Every structure is written in C-alpha cells, then in structure tokens.
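Single-structure report; data block below.
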Amino acid sequence: MDPTLRREPRRPYVITSAGIRRIVLGATAEGVSDASLGAIPGGTGSTEDTDSGVDAHSGPGVPPRAGTRSARHAHSGTSSKPLRTAEPPEDYILVIAFSERGVLDEHPRQAVAAAALLAHPQTAVVVAVLGQLNEDLAALGADIVVVLPECDLRQFRPEYTLSRLSGPLKRYPPSHILIPDRLNGEGDLGRRLAAAYGASVATHVVEIAPDHVATHQLVQEGNGRPSRRLARRSLPDVILLEPNIVDTRLPFVGAGQRIHDETVTSDAGISAPSAYRDGGLRALEASDLPLEEADLITSAGNGVTDVGLFLRFAKALGAATGASRVAVDDGRFARDKQIGATGKTVSANAYIAIGISGAVQHLQGIKDCRHVIAINRDSAAPIIQRADLSIIGDARGVMQALLEAVEAARANSAADESSNGAQNTSRERAA
Amino acid sequence: MSTPSSRGSASGVSAPGANPTGAGTHGITVLVSTSVHPQSGRACPCRNDTLALEIARQLSSAPLRTLHVGDPQDAALPDYLAFGASSVAVLPATPSDDVVAALTDHVRNAALILCGTRAQSGEASGMLPYLLAAALERPILANVLDVQLIGDSVQATQFLPKGRRRTVTVSLPAIIAVHPLATALPRYAYARRVAGRIETLPKPMSETAAAPSPSPWTLETTDRVPVKLKAPDRRSGHARMLAATAAASRGGQVVNEGSDVEKAQAVLAYLREHDLIAFQEVPP
C-alpha cells in the first residue's frame, strides 16, 4: 500500500535546526559522529522545511543544500581512540610552541601531530608549551606536556626562554626538535636554539617523512632558466615546519601527561642579564591593518543594508572590516575588502559574519579562522554549519544592540580602570 | 654547526678606508647576497638585502661597509652600488664554502651588522645572522621593520603577525635582520652604479686549508608537489567519503530565541569567554 521505504527507527540520525529528525541512508553511527552531517549533499535533505531565500544568499555559488544540522543527537558522541603506544619511552621528539590565549594555534598543532606520526613505539612526544595552556594535547598525540607559562609571547626574552628550555632538553634528550616556522616567535627561537647548540637544522620545511625532510630551493637549470625544486636530506636535529604540511587527524591519542616536576619546569638559577630590553608590544589599529593580518574581523554580506551602522559597529569593536562578494559587487564596499575565493583569505582569531549566507567560495576564504560568529536571518544558511556561534535574527537589530552593549562594556571597564589604577593596556590586548 | 646554513648567500663588509678596525661606534656593515630572478633567471640583488642597505644608509652618513661572500664577477653586485653602496667588498668563495666561517673575522669590528632575513636562492634557511651572532656572541634581532640609533644602543621595531609590533632595544654591537615589509624604500640610481667599485678581498689562508664539508641536501631532479604527512586511513569507503564532503563543519551553538539585546549579550559572552576582545583599551 504505502510505497515508502521502511526506515529502521534505531538508525543513526541528527536533529536539524528545524527540529526534524534526519536519517541518512547508509550512514553508520561512527560516520555520524566523525563527519558532522551538515555537509551531506543537499539532495538527501529535501524533506526539510526551510525558509530559504529570506536573507543574504551571497552569490550564485550557494550549493543547493537544505537546512541541516544544528544540534547533534546525544548518541553520536566522540568515539574513543586507542593510545598510540604503551611502551616505556627510550627516546623523545620535542615540539616547542608558543600558546596563544591558552591554546595552540593550528600551525603548532600540526607540528605536534607530525611528531606523533614520526614517533616509533619507543618514542615519546614531548611538547614544551611557552605560555599558558588550558587544553588537553592528548588528542594531538602529545605524551608529555611541559608548560612554561613565564616564557609567553608578551615579553621578548630569548636568553631566558632558551635557558628554561634546557630543563626539558636535559630531562628528555630529543632525537629531533620540531618547531613551527612562523614569525610569531617560534621561527626566531628555533634558529637561536639551533645556532646555540650547533645543531643541524632544516628550515622552511615543506615535506616531512620518517626518512627525510624537503624544502624548496630556487636553482638555475643548465639553460639558465630558474626553477623551484625540492631539496631533501635526512632528518636533522632541529626541523622548522611550514604550515599545512601535516594532517592533524590522528587515529590515536597520546598520553597527554602534564609535567609538574620542578627540575624540568623551575626557573631557579637563571639570572643571566639580558642583552635585550623589551619596549613592549603594541597592536596596530584595526583599520590600518591588511585583512590577511587582522585578528578580529567583522564582515558584511547581502543582509547588511545599513553600512554606516556596520562601520560604527566595527569601529566600536576594534575590528577590521570585510565583505562578501555580493556586497562588494553591489558597490557597498571596496574590492580590497572582499573575503573569499576571488578575494582575500583571512586567518583571524575571530570572524563575525553579518548577513552572509556562506557560499563555499566565502567559506574557503575563512577556513583558517578559529572562531566564527554568524548573524543571519536564515537558519538554513551554510554559514550556520561553519559558525561556532550562530545568531538567528535581523542583522540590523542585533548589530544595534551589540553596538550599545560594546560601548557600555567599554565605558564600564574604563570606569573600573580609572578606579583600580592603570594597567598596561597594550600588553593586556596582546595577551 | 655541521652545515653551513646560508650557502651561496653573501655578506658584505665594506671597509671605510683600509683600516677595518677603525669602524668605531658607527661602523655599520651590510651583508648582501645575490640571487636569480625567479622568472627570467637573470642575476638580481636580493630584495631583503637592498632593504637592509637602505636602512643602513639612513642610519648614518658615515660610509658603509658592504660585503658579499661569493663570486666577485657576479652580475648582481653592481646593482648594490646602484642602490647606494659606495663600494662592495667581496670575499671570494665557492658555493660549498662555509660562509659563516669566512665572514666572522671580517665583521668582528663592526658595531652594527645588517642583513636581510633570508636569501632568495640556494638554501635560504635564514640561519646566517643567527650563526654569525652565535660565533661573535652578539645579540641578534630578526624581522626588524625599522631601526634607530640611540646613543650606544639601537632601537628596533620587530614584525609580529596579527598586526602586532614589538619595540626592542639592544646595545651595540648587534646584528639585525630586516623583514621584507620594512618601511625603507631603496632607490636605484645608474650614476651610483657607474661611480661605485667592487673590491675583491684576499681569500683568507686558514679558509683554504679547511676542506669544505659536503652539503647534506640533495636536489631532486624533477619538480613535484610536496607530500603531506598523514596517518594511514583505515576507515571504510563510506566513512572516508563522508569525511571528504564534510569540510570544516563543526558543532556550533545556535541562538534562535530572545530579543535583539539578549542575542547581542550572547555574542558578547562568547567573545569574552574565549578572550577575543579586550575592553581595557579606550576605543580609537
């Protein structure tokens, strides 16, 4: 009678934003938990009752996706992964990285994952974190975590940091030291370390494997033509890694043991006078900053009609401004503000997308952003799947309320500060 | 150090007059390297080093020393004359020689050594200033955007990502490596190119005795895309397909209800929770 296919009621499912239970044929329980189903191609989701077209579809590239996940069902929890090794360590691989806001950035995470992938069963992965650490690095494959909170980025003390690192270096003599090669401080520190210890070193490494590392070199061919080629060598003592050369998805976890041993972490006996006098960190004004460098970006799409309010909001927040392609094509923003595949690729810490539906081209441009906040009227827009926090509502009203809240918060903290005595604001900001 | 790190990159010390020890407090030495243009293959100066040269020229009106280690016949060297070096001194060396060892004695008397962050061709590891600093036991500042001499010390602004800058002061003697975004604007003048001269320094005898160590690097014969390091994938085909299609989608919190003010508070709470915004600062 009823020709519809019978669906097994206990099959894995997700609850969509519209509150409808969604079953994907062929999915396993593990698949549901691993790959959040938000990005399953739209053809399967036609049962959804979405209010599409209400707001901001930023361009012709929006994939035909129906409304999807907003909450995952409880039974699709994280599956536990096995421990990488249970053997007692005989040698070590050391990773050195600065933390930022209590967590490791993507680039140092890749260095930790690389160490875990290179490690033998008898090798322990030691991570020396310079700065506060509020997260568990076991999922990245770290076995031993040494935190040196006094060595953070706020102060430039290379001699002090190097002598603090000698603690873990003595306790866990590493066969290799992996460091992300970036301007945040690690690239500088790694080169100082290699020069101080007279260690063999490879910098700007674009390929790492158990038996070799490779970097790009510009060479001149026989006919005088220049060409960029890979040069490889065996693993040196110190390896400085370029970003995105390691996949951080690991099938195992590390022990993640945090070391509180005084002999490793204490700074007793370090009193060498520094040759460097740090004049402090300062942050450039957000409006002066190229978008690629900005740390906090607010971005406007088709859903933003009141550009004046948007700009006031960005200024109050101290954020750089970007725009989606529709808003730029419309003439509301300059071309150099465009974020996305044909515009700029940004790597901000926080990205606030206002009235942007999130075409794949736009999502490409923000793939390196750590925190994405979306304000949109359409709960089915693709940006909602990407965002860490989504506000479903009218962009103008929320922006106005947020503008007032930010101004009130600033006024409050200014009042607090004047009563409590001045703090070094630039350092606070830099932290 | 077992590997001469910046093979083929050069450093230059130009001596004001014949007496390199007379460098004094303003003895500024610029180390320059040569490169080939990535498109045309013609010899060209390294952009980072021209920036270092321009910064050095602005620091002091006293004559600079500009030093290159490598081939004295290199076609790119006269370009440094055009960019403002009155003369370029060249320490003859083959690509397999240890640049740092050749350089150390020649720059020992310089109060301030400037160079680019990294060379453009060859290994281009960016290690040279650090190895030189370790050999001379001097402080080194890398990624410097601008430099000021203040009495007996030098104040530099360092580049940091995310729009941050750091001011650091070091006392002389010191080594400074210049970031590509430095504010200096090198200008090319043909008259200076004609007027300047290239001097070849005698090759140090101790250097010829030491046998050059073979480079640990081997160049691959063909160009290829670097292989990403990843864990072997043992999941089922369906699971892999799902993972490939579900790009960066993560679980996110969705606020559907409430007034605009409540929604604004949710955003503010999120920004505060993750320490993404600091209100201590008075807005510009």
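Residue names in the structure tokens use chain letters A, B, ... in the order shown, residue numbers from 1 in each chain, and ligand numbers from 1 in the order shown.
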Write down as a list in words the residues of stretch 64-123 of chain B whose backbone DSSP state falls under alpha helix (DSSP H). Leu77, Pro78, Asp79, Tyr80, Leu81, Ala82, Val99, Val100, Ala101, Ala102, Leu103, Thr104, Asp105, His106 and Val107 of chain B
How would the residues just picked look written out with N, CA, C and O atoms as a compact mmCIF listing (two decimals), in the first residue's frame?
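result24.txt written:
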```txt
# COMPACT_ATOMS: atom_id res chain seq x y z
N LEU B 77 76.08 42.20 -8.40
CA LEU B 77 76.76 43.06 -7.42
C LEU B 77 76.71 44.54 -7.79
O LEU B 77 76.49 45.38 -6.91
N PRO B 78 76.88 44.93 -9.08
CA PRO B 78 76.80 46.37 -9.39
C PRO B 78 75.44 46.97 -9.03
O PRO B 78 75.35 48.18 -8.80
N ASP B 79 74.39 46.14 -8.96
CA ASP B 79 73.08 46.67 -8.57
C ASP B 79 73.11 47.23 -7.15
O ASP B 79 72.42 48.20 -6.85
N TYR B 80 73.90 46.62 -6.28
CA TYR B 80 74.00 47.15 -4.92
C TYR B 80 74.68 48.52 -4.92
O TYR B 80 74.36 49.37 -4.09
N LEU B 81 75.61 48.71 -5.85
CA LEU B 81 76.20 50.05 -6.00
C LEU B 81 75.10 51.04 -6.37
O LEU B 81 75.01 52.14 -5.82
N ALA B 82 74.24 50.62 -7.30
CA ALA B 82 73.17 51.50 -7.75
C ALA B 82 72.20 51.78 -6.62
O ALA B 82 71.60 52.85 -6.54
N VAL B 99 80.14 29.96 4.70
CA VAL B 99 80.03 31.41 4.66
C VAL B 99 80.30 32.03 6.03
O VAL B 99 81.00 33.03 6.15
N VAL B 100 79.77 31.40 7.07
CA VAL B 100 79.88 31.98 8.41
C VAL B 100 81.34 32.05 8.84
O VAL B 100 81.81 33.08 9.34
N ALA B 101 82.07 30.96 8.60
CA ALA B 101 83.47 30.94 9.00
C ALA B 101 84.26 31.99 8.24
O ALA B 101 85.12 32.69 8.80
N ALA B 102 83.94 32.15 6.94
CA ALA B 102 84.67 33.13 6.13
C ALA B 102 84.38 34.55 6.61
O ALA B 102 85.23 35.44 6.52
N LEU B 103 83.19 34.73 7.13
CA LEU B 103 82.72 36.07 7.44
C LEU B 103 83.15 36.56 8.81
O LEU B 103 83.37 37.76 9.02
N THR B 104 83.27 35.63 9.76
CA THR B 104 83.37 36.01 11.16
C THR B 104 84.47 37.03 11.41
O THR B 104 84.24 38.06 12.04
N ASP B 105 85.67 36.76 10.90
CA ASP B 105 86.78 37.66 11.18
C ASP B 105 86.60 39.02 10.54
O ASP B 105 87.05 40.03 11.06
N HIS B 106 85.92 39.05 9.41
CA HIS B 106 85.78 40.31 8.68
C HIS B 106 84.76 41.24 9.30
O HIS B 106 84.77 42.43 9.02
N VAL B 107 83.84 40.72 10.09
CA VAL B 107 82.80 41.59 10.65
C VAL B 107 82.97 41.77 12.15
O VAL B 107 82.12 42.36 12.80
```
Using only C-alpha atoms, which residues sit within 10 Å of stretch 196-212 of chain A once same-chain residues fewer than 6 positions away are excluded, as a PyMOL selection string? (chain A and resi 114-115+117-120+162+176-182+187+190+230-246) or (chain B and resi 1-5+123-127+130-131+133-135+137+216-217+225-230)
Show me, as a list in words, the residues that have an atom within 8 Å of B:Ser35 when counting only C-alpha atoms, minus same-chain residues fewer than 4 positions from it. Ala43, Cys44, Pro45, Cys46, Ala76, Ala119, Gln120 and Ser121 of chain B
Which residue gives the smallest distance to A:Ala411 among A:Glu100, A:Arg11, A:Thr298, A:Ala316, with only C-alpha atoms counted? A:Ala316
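Coordinates place atom CA of A:Ala359 at a distance of 27.0 Å from atom CA of B:Gly258.
When only C-alpha atoms are used to compute distances to B:Arg234, the closest of the residues A:Leu250, A:Val307, A:Ser99, A:Arg228 turns out to be A:Leu250.
The smallest atom-to-atom distance between A:Asp394 and any of B:Leu201, B:Leu59, B:Ala174, B:Val261, using only C-alpha atoms, is found for B:Val261.
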